[in-house]
>>> print(open('model_8.txt').read())   # compact mmCIF, C-alpha atoms
# COMPACT_ATOMS: atom_id res chain seq x y z
CA MET A 200 -41.10 -51.31 -48.47
CA ASN A 201 -43.89 -49.57 -46.79
CA ARG A 202 -42.65 -50.79 -43.47
CA ILE A 203 -39.09 -49.56 -43.99
CA LEU A 204 -40.40 -46.18 -45.03
CA ILE A 205 -42.53 -45.90 -41.88
CA ILE A 206 -39.61 -46.93 -39.69
CA THR A 207 -37.36 -44.41 -41.37
CA ILE A 208 -39.97 -41.66 -41.01
CA LEU A 209 -40.54 -42.59 -37.37
CA PHE A 210 -36.81 -42.65 -36.78
CA PHE A 211 -36.46 -39.24 -38.44
CA ILE A 212 -39.38 -37.82 -36.41
CA SER A 213 -37.90 -39.18 -33.19
CA PHE A 214 -34.53 -37.67 -34.12
CA LEU A 215 -36.18 -34.30 -34.73
CA PHE A 216 -38.07 -34.62 -31.44
CA PHE A 217 -34.80 -35.29 -29.67
CA VAL A 218 -32.95 -32.43 -31.39
CA TYR A 219 -35.67 -29.79 -31.02
CA PHE A 220 -37.28 -30.73 -27.69
CA LEU A 221 -35.16 -33.00 -25.51
CA PHE A 222 -31.66 -31.73 -26.27
CA PRO A 223 -32.46 -28.04 -25.52
CA GLN A 224 -34.21 -29.13 -22.33
CA SER A 225 -31.16 -31.16 -21.29
CA LEU A 226 -28.95 -28.09 -21.90
CA ILE A 227 -31.28 -25.96 -19.81
CA PHE A 228 -31.22 -28.62 -17.13
CA GLU A 229 -27.39 -28.66 -17.14
CA ASN A 230 -27.27 -24.87 -16.88
CA LEU A 231 -29.70 -24.92 -13.98
CA LYS A 232 -27.64 -27.62 -12.32
CA LYS A 233 -24.52 -25.42 -12.62
CA LYS A 234 -26.37 -22.43 -11.18
CA VAL A 235 -27.61 -24.53 -8.27
CA LEU A 236 -24.04 -25.68 -7.56
CA GLU A 237 -22.79 -22.10 -7.71
CA LYS A 238 -25.52 -20.97 -5.31
CA GLU A 239 -24.76 -23.85 -2.95
CA ASN A 240 -21.08 -22.88 -2.99
CA SER A 241 -21.88 -19.24 -2.30
CA VAL A 242 -24.24 -20.22 0.53
CA GLN A 243 -21.55 -22.46 1.98
CA LYS A 244 -19.00 -19.63 1.78
CA GLU A 245 -21.43 -17.27 3.50
CA GLU A 246 -22.05 -19.84 6.25
CA ILE A 247 -18.29 -20.11 6.79
CA TYR A 248 -18.01 -16.32 6.81
CA PHE A 249 -20.78 -15.93 9.38
CA SER A 250 -19.39 -18.70 11.56
CA ASN A 251 -16.03 -16.88 11.49
CA LEU A 252 -17.81 -13.67 12.46
CA GLU A 253 -19.45 -15.48 15.39
CA LYS A 254 -16.03 -16.76 16.53
CA ILE A 255 -14.57 -13.27 16.27
CA SER A 256 -17.53 -11.87 18.20
CA GLY A 257 -16.94 -14.47 20.90
CA ASN A 258 -13.26 -13.52 21.04
CA LEU A 259 -14.16 -9.83 21.32
CA LYS A 260 -16.49 -10.60 24.23
CA GLU A 261 -13.47 -12.02 26.08
CA TYR A 262 -11.76 -8.64 25.67
CA LYS A 263 -14.83 -6.54 26.50
CA GLU A 264 -13.23 -4.93 29.55
CA SER A 265 -10.07 -4.01 27.63
CA LEU A 266 -12.11 -2.57 24.76
CA GLU A 267 -14.11 -0.45 27.20
CA LYS A 268 -10.85 0.89 28.63
CA ILE A 269 -9.70 1.79 25.12
CA ASP A 270 -13.02 3.55 24.47
CA ALA A 271 -12.54 5.51 27.70
CA ALA A 272 -8.91 6.31 26.85
CA VAL A 273 -9.65 7.63 23.36
CA PRO A 274 -13.24 8.92 23.34
CA THR A 275 -14.99 9.66 20.08
CA GLN A 276 -16.12 13.03 21.39
CA LEU A 277 -14.23 14.92 24.04
CA SER A 278 -16.44 15.93 26.93
CA ILE A 279 -14.83 19.05 28.34
CA ALA A 280 -16.98 18.95 31.47
CA SER A 281 -15.93 15.39 32.32
CA LEU A 282 -12.30 16.26 31.59
CA PHE A 283 -12.41 19.29 33.91
CA SER A 284 -14.03 17.08 36.55
CA PHE A 285 -11.27 14.52 36.05
CA PHE A 286 -8.56 17.15 36.62
CA GLN A 287 -10.39 18.45 39.69
CA ASN A 288 -10.76 14.95 41.19
CA LYS A 289 -7.08 14.11 40.62
CA ALA A 290 -6.10 17.43 42.18
CA LEU A 291 -8.23 16.68 45.26
CA GLU A 292 -6.86 13.13 45.55
CA THR A 293 -3.24 14.29 45.49
CA GLY A 294 -3.56 17.45 47.57
CA VAL A 295 -3.05 19.91 44.73
CA PHE A 296 -4.98 23.16 44.51
CA LEU A 297 -6.29 23.53 40.96
CA LYS A 298 -6.53 27.24 40.24
CA SER A 299 -7.69 27.19 36.62
CA VAL A 300 -8.24 25.02 33.59
CA ASN A 301 -8.43 26.65 30.16
CA ALA A 302 -9.13 25.17 26.78
CA ALA A 303 -7.78 28.26 25.05
CA ASP A 304 -4.83 28.14 22.67
CA ALA A 305 -2.24 26.80 25.06
CA PHE A 306 0.49 26.79 22.40
CA SER A 307 0.85 30.52 21.90
CA SER A 308 4.10 30.59 23.90
CA LEU A 309 5.57 27.16 23.08
CA PRO A 310 8.83 26.61 21.20
CA GLY A 311 8.64 26.16 17.44
CA GLU A 312 9.20 22.39 17.36
CA ILE A 313 6.26 21.62 19.65
CA ALA A 314 4.04 24.12 17.84
CA ALA A 315 4.95 22.37 14.57
CA GLU A 316 3.93 19.02 16.10
CA LYS A 317 0.55 20.56 16.89
CA GLU A 318 0.00 21.27 13.20
CA ILE A 319 0.70 17.64 12.15
CA VAL A 320 -2.49 15.93 13.27
CA SER A 321 -3.63 12.51 12.14
CA ASN A 322 -6.85 12.17 10.17
CA LYS A 323 -8.32 9.93 12.85
CA ILE A 324 -6.95 11.39 16.09
CA LYS A 325 -7.64 14.94 17.21
CA GLU A 326 -5.30 16.61 19.67
CA ASN A 327 -6.87 18.91 22.25
CA PHE A 328 -4.70 21.16 24.41
CA PHE A 329 -5.50 22.56 27.85
CA SER A 330 -3.60 24.78 30.22
CA LEU A 331 -3.79 24.13 33.95
CA SER A 332 -2.62 26.36 36.75
CA VAL A 333 -1.96 24.59 40.08
CA SER A 334 -0.46 25.28 43.49
CA ALA A 335 1.10 22.51 45.58
CA ASN A 336 4.22 21.36 47.30
CA PHE A 337 6.65 19.46 45.11
CA TYR A 338 5.65 15.96 46.25
CA ALA A 339 1.92 16.58 45.82
CA PHE A 340 2.61 18.01 42.35
CA GLU A 341 4.70 14.95 41.47
CA ASN A 342 1.85 12.66 42.58
CA PHE A 343 -0.62 14.75 40.55
CA LEU A 344 1.48 14.30 37.40
CA LYS A 345 1.80 10.56 38.01
CA GLU A 346 -1.96 10.20 38.47
CA ILE A 347 -2.71 12.11 35.29
CA GLU A 348 -0.29 10.11 33.18
CA ARG A 349 -1.29 6.79 34.80
CA SER A 350 -4.97 7.28 34.05
CA SER A 351 -6.66 5.32 31.28
CA ARG A 352 -7.19 8.55 29.33
CA MET A 353 -4.70 9.52 26.66
CA ILE A 354 -3.25 12.56 28.43
CA GLU A 355 0.29 13.81 27.91
CA VAL A 356 1.97 16.67 29.73
CA GLU A 357 3.54 18.87 27.04
CA LYS A 358 4.98 21.74 29.09
CA ILE A 359 5.56 22.57 32.76
CA THR A 360 6.40 26.08 33.95
CA LEU A 361 7.36 26.86 37.53
CA LYS A 362 6.34 30.33 38.70
CA GLU A 363 8.14 32.23 41.39
CA ASN A 364 6.29 32.14 44.67
CA GLU A 365 7.41 33.27 48.10
CA GLY A 366 4.94 31.07 49.98
CA GLU A 367 5.20 27.47 51.03
CA LEU A 368 3.33 26.22 47.96
CA LEU A 369 4.84 26.26 44.49
CA GLU A 370 2.83 27.47 41.51
CA PHE A 371 2.93 25.49 38.26
CA ASP A 372 1.47 26.10 34.83
CA LEU A 373 0.92 22.96 32.74
CA VAL A 374 0.03 22.39 29.13
CA VAL A 375 -1.57 18.97 28.59
CA LYS A 376 -2.59 17.23 25.40
CA VAL A 377 -5.73 15.06 25.37
CA ASN A 378 -6.38 12.84 22.34
CA SER A 379 -9.83 12.05 20.97
CA LEU A 380 -11.11 10.44 17.78
CA ASN A 381 -12.42 12.57 14.92
>>> encode(input="model_8.txt", output="structure tokens")
Amino acid sequence: MNRILIITILFFISFLFFVYFLFPQSLIFENLKKKVLEKENSVQKEEIYFSNLEKISGNLKEYKESLEKIDAAVPTQLSIASLFSFFQNKALETGVFLKSVNAADAFSSLPGEIAAEKEIVSNKIKENFFSLSVSANFYAFENFLKEIERSSRMIEVEKITLKENEGELLEFDLVVKVNSLN
């Protein structure tokens, strides 16, 4: 009887050992195993994400020249000096005499519909208006307009006014719109 009692006590002690020491440790181990799997999955997802970013970066490098043209066409800050220089160079290339360039309010004498368009400005794109006064023959003026609109800059001619002139050269007043990013 003594032996059966010892076996039963040992069995009971081993059961308590299992319930109070090994079982909680196995639960902790299972939880840690789950956390490790979750971390491995998140690391794997991040590796996929970064490899996709590397592919996209490689694709963007293929279009580097085009992106530089876009940056030149829509600058983040409008450099008035470089813009005036641009107008002067195009005038010299086409044989147009550039009398003046003003960044003043060029829309004071425009019709209502164009003035209303000036007020509706996108949050990201800022419209800048300049008035130019030029003298040239008709063909040189036509080439000047083509060169301005063909440039990589976002320049639009909004208004052209022909002034009376008795000389050989015609005088034109232009209002141009140049876009830049805010």
>>> atom_distance(input="model_8.txt", atom1="CA of Lys238 (chain A)", atom2="CA of Gln224 (chain A)")
20.8 Å
>>> closest_residue(input="model_8.txt", among="A:Leu215, A:Val377, A:Ile359, A:Ser334", to="Phe283 (chain A)", atoms="only C-alpha atoms")
A:Val377
>>> residues_around(input="model_8.txt", residues="region 345-349 of chain A", least_positions_apart="4", cutoff="10 Å", atoms="all atoms listed in the file", output="list in words")
Phe285, Phe286, Lys289, Ala290, Glu292, Thr293, Ala339, Phe340, Glu341, Met353, Ile354, Glu355, Val356 and Val375 of chain A
>>> residues_around(input="model_8.txt", residues="region 363-366 of chain A", least_positions_apart="4", cutoff="12 Å", atoms="only C-alpha atoms", output="list in words")
Ser334, Ala335, Asn336, Glu370, Phe371 and Asp372 of chain A
>>> atom_distance(input="model_8.txt", atom1="CA of Val333 (chain A)", atom2="CA of Asn378 (chain A)")
21.7 Å
>>> atom_distance(input="model_8.txt", atom1="CA of Leu252 (chain A)", atom2="CA of Ser379 (chain A)")
28.2 Å
>>> closest_residue(input="model_8.txt", among="A:Ser284, A:Ser351, A:Ile203, A:Glu239", to="Leu297 (chain A)", atoms="only C-alpha atoms")
A:Ser284
>>> closest_residue(input="model_8.txt", among="A:Glu245, A:Phe337, A:Leu380, A:Thr207", to="Gly294 (chain A)", atoms="all atoms listed in the file")
A:Phe337
>>> residues_around(input="model_8.txt", residues="Asn301 (chain A)", least_positions_apart="2", cutoff="8 Å", atoms="only C-alpha atoms", output="MDAnalysis selection string")
chainID A and resid 299 303 329:331
>>> axis_aligned_box(input="model_8.txt", around="region 232-241 of chain A", padding_each_side="5 Å", output="JSON")
{"center_x": -24.4, "center_y": -23.4, "center_z": -7.5, "size_x": 16.6, "size_y": 18.4, "size_z": 20.3}
>>> decode(input="model_8.txt", residues="region 202-344 of chain A", atoms="C-alpha atoms", output="PDB file, in the first residue's frame")
ATOM      1  CA  ARG A 202       4.084   1.828  -2.778  1.00  0.00           C
ATOM      2  CA  ILE A 203       0.755   2.744  -4.369  1.00  0.00           C
ATOM      3  CA  LEU A 204       0.540   5.805  -2.176  1.00  0.00           C
ATOM      4  CA  ILE A 205       4.025   6.942  -3.213  1.00  0.00           C
ATOM      5  CA  ILE A 206       3.227   6.386  -6.884  1.00  0.00           C
ATOM      6  CA  THR A 207      -0.002   8.317  -6.545  1.00  0.00           C
ATOM      7  CA  ILE A 208       1.750  11.161  -4.724  1.00  0.00           C
ATOM      8  CA  LEU A 209       4.523  11.210  -7.324  1.00  0.00           C
ATOM      9  CA  PHE A 210       1.967  11.153 -10.098  1.00  0.00           C
ATOM     10  CA  PHE A 211       0.073  14.017  -8.453  1.00  0.00           C
ATOM     11  CA  ILE A 212       3.305  16.013  -7.945  1.00  0.00           C
ATOM     12  CA  SER A 213       4.302  15.456 -11.563  1.00  0.00           C
ATOM     13  CA  PHE A 214       0.827  16.547 -12.677  1.00  0.00           C
ATOM     14  CA  LEU A 215       1.134  19.717 -10.599  1.00  0.00           C
ATOM     15  CA  PHE A 216       4.623  20.309 -11.998  1.00  0.00           C
ATOM     16  CA  PHE A 217       3.237  19.983 -15.504  1.00  0.00           C
ATOM     17  CA  VAL A 218       0.237  22.237 -14.837  1.00  0.00           C
ATOM     18  CA  TYR A 219       2.102  24.994 -12.971  1.00  0.00           C
ATOM     19  CA  PHE A 220       5.508  24.981 -14.683  1.00  0.00           C
ATOM     20  CA  LEU A 221       5.564  23.258 -18.059  1.00  0.00           C
ATOM     21  CA  PHE A 222       2.128  24.158 -19.428  1.00  0.00           C
ATOM     22  CA  PRO A 223       2.519  27.940 -18.870  1.00  0.00           C
ATOM     23  CA  GLN A 224       5.981  27.756 -20.409  1.00  0.00           C
ATOM     24  CA  SER A 225       4.587  25.944 -23.445  1.00  0.00           C
ATOM     25  CA  LEU A 226       1.925  28.669 -23.813  1.00  0.00           C
ATOM     26  CA  ILE A 227       4.596  31.347 -23.599  1.00  0.00           C
ATOM     27  CA  PHE A 228       6.633  29.446 -26.152  1.00  0.00           C
ATOM     28  CA  GLU A 229       3.629  29.254 -28.526  1.00  0.00           C
ATOM     29  CA  ASN A 230       2.988  32.986 -28.141  1.00  0.00           C
ATOM     30  CA  LEU A 231       6.624  33.759 -28.860  1.00  0.00           C
ATOM     31  CA  LYS A 232       6.491  31.483 -31.874  1.00  0.00           C
ATOM     32  CA  LYS A 233       3.460  33.412 -33.195  1.00  0.00           C
ATOM     33  CA  LYS A 234       5.207  36.735 -32.628  1.00  0.00           C
ATOM     34  CA  VAL A 235       8.292  35.491 -34.456  1.00  0.00           C
ATOM     35  CA  LEU A 236       6.129  34.412 -37.415  1.00  0.00           C
ATOM     36  CA  GLU A 237       4.400  37.792 -37.446  1.00  0.00           C
ATOM     37  CA  LYS A 238       7.751  39.597 -37.391  1.00  0.00           C
ATOM     38  CA  GLU A 239       9.087  37.371 -40.177  1.00  0.00           C
ATOM     39  CA  ASN A 240       6.004  38.158 -42.258  1.00  0.00           C
ATOM     40  CA  SER A 241       6.358  41.886 -41.652  1.00  0.00           C
ATOM     41  CA  VAL A 242      10.073  41.744 -42.525  1.00  0.00           C
ATOM     42  CA  GLN A 243       9.240  39.832 -45.697  1.00  0.00           C
ATOM     43  CA  LYS A 244       6.592  42.417 -46.631  1.00  0.00           C
ATOM     44  CA  GLU A 245       9.083  45.230 -46.027  1.00  0.00           C
ATOM     45  CA  GLU A 246      11.672  43.463 -48.196  1.00  0.00           C
ATOM     46  CA  ILE A 247       9.097  43.186 -50.989  1.00  0.00           C
ATOM     47  CA  TYR A 248       8.182  46.843 -50.516  1.00  0.00           C
ATOM     48  CA  PHE A 249      11.809  47.980 -50.689  1.00  0.00           C
ATOM     49  CA  SER A 250      12.525  45.795 -53.710  1.00  0.00           C
ATOM     50  CA  ASN A 251       9.521  47.404 -55.423  1.00  0.00           C
ATOM     51  CA  LEU A 252      10.893  50.825 -54.500  1.00  0.00           C
ATOM     52  CA  GLU A 253      14.247  49.872 -56.037  1.00  0.00           C
ATOM     53  CA  LYS A 254      12.483  48.786 -59.251  1.00  0.00           C
ATOM     54  CA  ILE A 255      10.537  52.045 -59.355  1.00  0.00           C
ATOM     55  CA  SER A 256      13.733  54.003 -58.751  1.00  0.00           C
ATOM     56  CA  GLY A 257      15.357  52.140 -61.632  1.00  0.00           C
ATOM     57  CA  ASN A 258      12.378  52.954 -63.857  1.00  0.00           C
ATOM     58  CA  LEU A 259      12.569  56.621 -62.869  1.00  0.00           C
ATOM     59  CA  LYS A 260      16.262  56.702 -63.790  1.00  0.00           C
ATOM     60  CA  GLU A 261      15.253  55.676 -67.323  1.00  0.00           C
ATOM     61  CA  TYR A 262      13.051  58.783 -67.481  1.00  0.00           C
ATOM     62  CA  LYS A 263      15.553  61.133 -65.853  1.00  0.00           C
ATOM     63  CA  GLU A 264      15.804  63.400 -68.891  1.00  0.00           C
ATOM     64  CA  SER A 265      12.027  63.681 -69.220  1.00  0.00           C
ATOM     65  CA  LEU A 266      11.648  64.432 -65.511  1.00  0.00           C
ATOM     66  CA  GLU A 267      14.277  67.171 -65.769  1.00  0.00           C
ATOM     67  CA  LYS A 268      12.316  68.706 -68.647  1.00  0.00           C
ATOM     68  CA  ILE A 269       9.166  68.641 -66.521  1.00  0.00           C
ATOM     69  CA  ASP A 270      11.062  70.318 -63.659  1.00  0.00           C
ATOM     70  CA  ALA A 271      12.228  73.002 -66.086  1.00  0.00           C
ATOM     71  CA  ALA A 272       8.731  73.421 -67.547  1.00  0.00           C
ATOM     72  CA  VAL A 273       6.999  73.850 -64.194  1.00  0.00           C
ATOM     73  CA  PRO A 274       9.557  75.225 -61.726  1.00  0.00           C
ATOM     74  CA  THR A 275       8.863  75.194 -58.011  1.00  0.00           C
ATOM     75  CA  GLN A 276       9.898  78.829 -57.731  1.00  0.00           C
ATOM     76  CA  LEU A 277       9.634  81.243 -60.602  1.00  0.00           C
ATOM     77  CA  SER A 278      12.901  83.042 -61.266  1.00  0.00           C
ATOM     78  CA  ILE A 279      11.893  86.344 -62.801  1.00  0.00           C
ATOM     79  CA  ALA A 280      15.449  87.123 -63.883  1.00  0.00           C
ATOM     80  CA  SER A 281      15.790  83.849 -65.802  1.00  0.00           C
ATOM     81  CA  LEU A 282      12.355  84.363 -67.345  1.00  0.00           C
ATOM     82  CA  PHE A 283      13.253  87.884 -68.523  1.00  0.00           C
ATOM     83  CA  SER A 284      16.498  86.479 -69.914  1.00  0.00           C
ATOM     84  CA  PHE A 285      14.509  83.764 -71.695  1.00  0.00           C
ATOM     85  CA  PHE A 286      12.240  86.351 -73.350  1.00  0.00           C
ATOM     86  CA  GLN A 287      15.250  88.445 -74.342  1.00  0.00           C
ATOM     87  CA  ASN A 288      17.085  85.460 -75.869  1.00  0.00           C
ATOM     88  CA  LYS A 289      14.019  84.355 -77.856  1.00  0.00           C
ATOM     89  CA  ALA A 290      13.556  87.919 -79.085  1.00  0.00           C
ATOM     90  CA  LEU A 291      17.188  88.056 -80.249  1.00  0.00           C
ATOM     91  CA  GLU A 292      16.952  84.641 -81.935  1.00  0.00           C
ATOM     92  CA  THR A 293      13.864  85.604 -83.932  1.00  0.00           C
ATOM     93  CA  GLY A 294      14.756  89.193 -84.775  1.00  0.00           C
ATOM     94  CA  VAL A 295      12.214  90.842 -82.492  1.00  0.00           C
ATOM     95  CA  PHE A 296      12.999  94.009 -80.562  1.00  0.00           C
ATOM     96  CA  LEU A 297      11.846  93.522 -76.968  1.00  0.00           C
ATOM     97  CA  LYS A 298      10.919  96.940 -75.625  1.00  0.00           C
ATOM     98  CA  SER A 299       9.696  96.023 -72.144  1.00  0.00           C
ATOM     99  CA  VAL A 300       8.727  93.181 -69.863  1.00  0.00           C
ATOM    100  CA  ASN A 301       6.545  93.905 -66.843  1.00  0.00           C
ATOM    101  CA  ALA A 302       5.366  91.647 -64.072  1.00  0.00           C
ATOM    102  CA  ALA A 303       2.706  94.156 -63.055  1.00  0.00           C
ATOM    103  CA  ASP A 304      -0.996  93.324 -63.079  1.00  0.00           C
ATOM    104  CA  ALA A 305      -1.361  92.525 -66.746  1.00  0.00           C
ATOM    105  CA  PHE A 306      -5.072  91.741 -66.411  1.00  0.00           C
ATOM    106  CA  SER A 307      -6.345  95.208 -65.598  1.00  0.00           C
ATOM    107  CA  SER A 308      -7.714  95.657 -69.135  1.00  0.00           C
ATOM    108  CA  LEU A 309      -8.719  92.069 -70.010  1.00  0.00           C
ATOM    109  CA  PRO A 310     -12.287  90.945 -70.698  1.00  0.00           C
ATOM    110  CA  GLY A 311     -14.285  89.569 -67.780  1.00  0.00           C
ATOM    111  CA  GLU A 312     -14.070  85.883 -68.721  1.00  0.00           C
ATOM    112  CA  ILE A 313     -10.262  85.827 -68.783  1.00  0.00           C
ATOM    113  CA  ALA A 314     -10.060  87.868 -65.582  1.00  0.00           C
ATOM    114  CA  ALA A 315     -12.391  85.324 -63.955  1.00  0.00           C
ATOM    115  CA  GLU A 316     -10.063  82.507 -65.074  1.00  0.00           C
ATOM    116  CA  LYS A 317      -7.224  84.329 -63.317  1.00  0.00           C
ATOM    117  CA  GLU A 318      -9.117  84.103 -60.026  1.00  0.00           C
ATOM    118  CA  ILE A 319      -9.610  80.301 -60.289  1.00  0.00           C
ATOM    119  CA  VAL A 320      -6.129  79.061 -59.468  1.00  0.00           C
ATOM    120  CA  SER A 321      -5.271  75.507 -58.492  1.00  0.00           C
ATOM    121  CA  ASN A 322      -3.855  74.810 -55.045  1.00  0.00           C
ATOM    122  CA  LYS A 323      -0.700  73.379 -56.578  1.00  0.00           C
ATOM    123  CA  ILE A 324      -0.119  75.555 -59.648  1.00  0.00           C
ATOM    124  CA  LYS A 325       0.424  79.287 -59.456  1.00  0.00           C
ATOM    125  CA  GLU A 326      -0.269  81.431 -62.503  1.00  0.00           C
ATOM    126  CA  ASN A 327       2.074  84.373 -63.101  1.00  0.00           C
ATOM    127  CA  PHE A 328       1.233  87.005 -65.707  1.00  0.00           C
ATOM    128  CA  PHE A 329       3.640  89.250 -67.594  1.00  0.00           C
ATOM    129  CA  SER A 330       3.139  91.928 -70.206  1.00  0.00           C
ATOM    130  CA  LEU A 331       5.623  92.240 -73.053  1.00  0.00           C
ATOM    131  CA  SER A 332       5.950  95.055 -75.535  1.00  0.00           C
ATOM    132  CA  VAL A 333       7.739  94.154 -78.796  1.00  0.00           C
ATOM    133  CA  SER A 334       8.455  95.623 -82.219  1.00  0.00           C
ATOM    134  CA  ALA A 335       8.985  93.411 -85.261  1.00  0.00           C
ATOM    135  CA  ASN A 336       7.773  92.608 -88.718  1.00  0.00           C
ATOM    136  CA  PHE A 337       4.929  90.130 -88.879  1.00  0.00           C
ATOM    137  CA  TYR A 338       7.036  87.069 -89.740  1.00  0.00           C
ATOM    138  CA  ALA A 339       9.583  87.706 -86.986  1.00  0.00           C
ATOM    139  CA  PHE A 340       6.729  88.191 -84.510  1.00  0.00           C
ATOM    140  CA  GLU A 341       5.132  84.929 -85.665  1.00  0.00           C
ATOM    141  CA  ASN A 342       8.450  83.098 -85.149  1.00  0.00           C
ATOM    142  CA  PHE A 343       8.795  84.702 -81.698  1.00  0.00           C
ATOM    143  CA  LEU A 344       5.365  83.401 -80.675  1.00  0.00           C
TER     144      LEU A 344
END
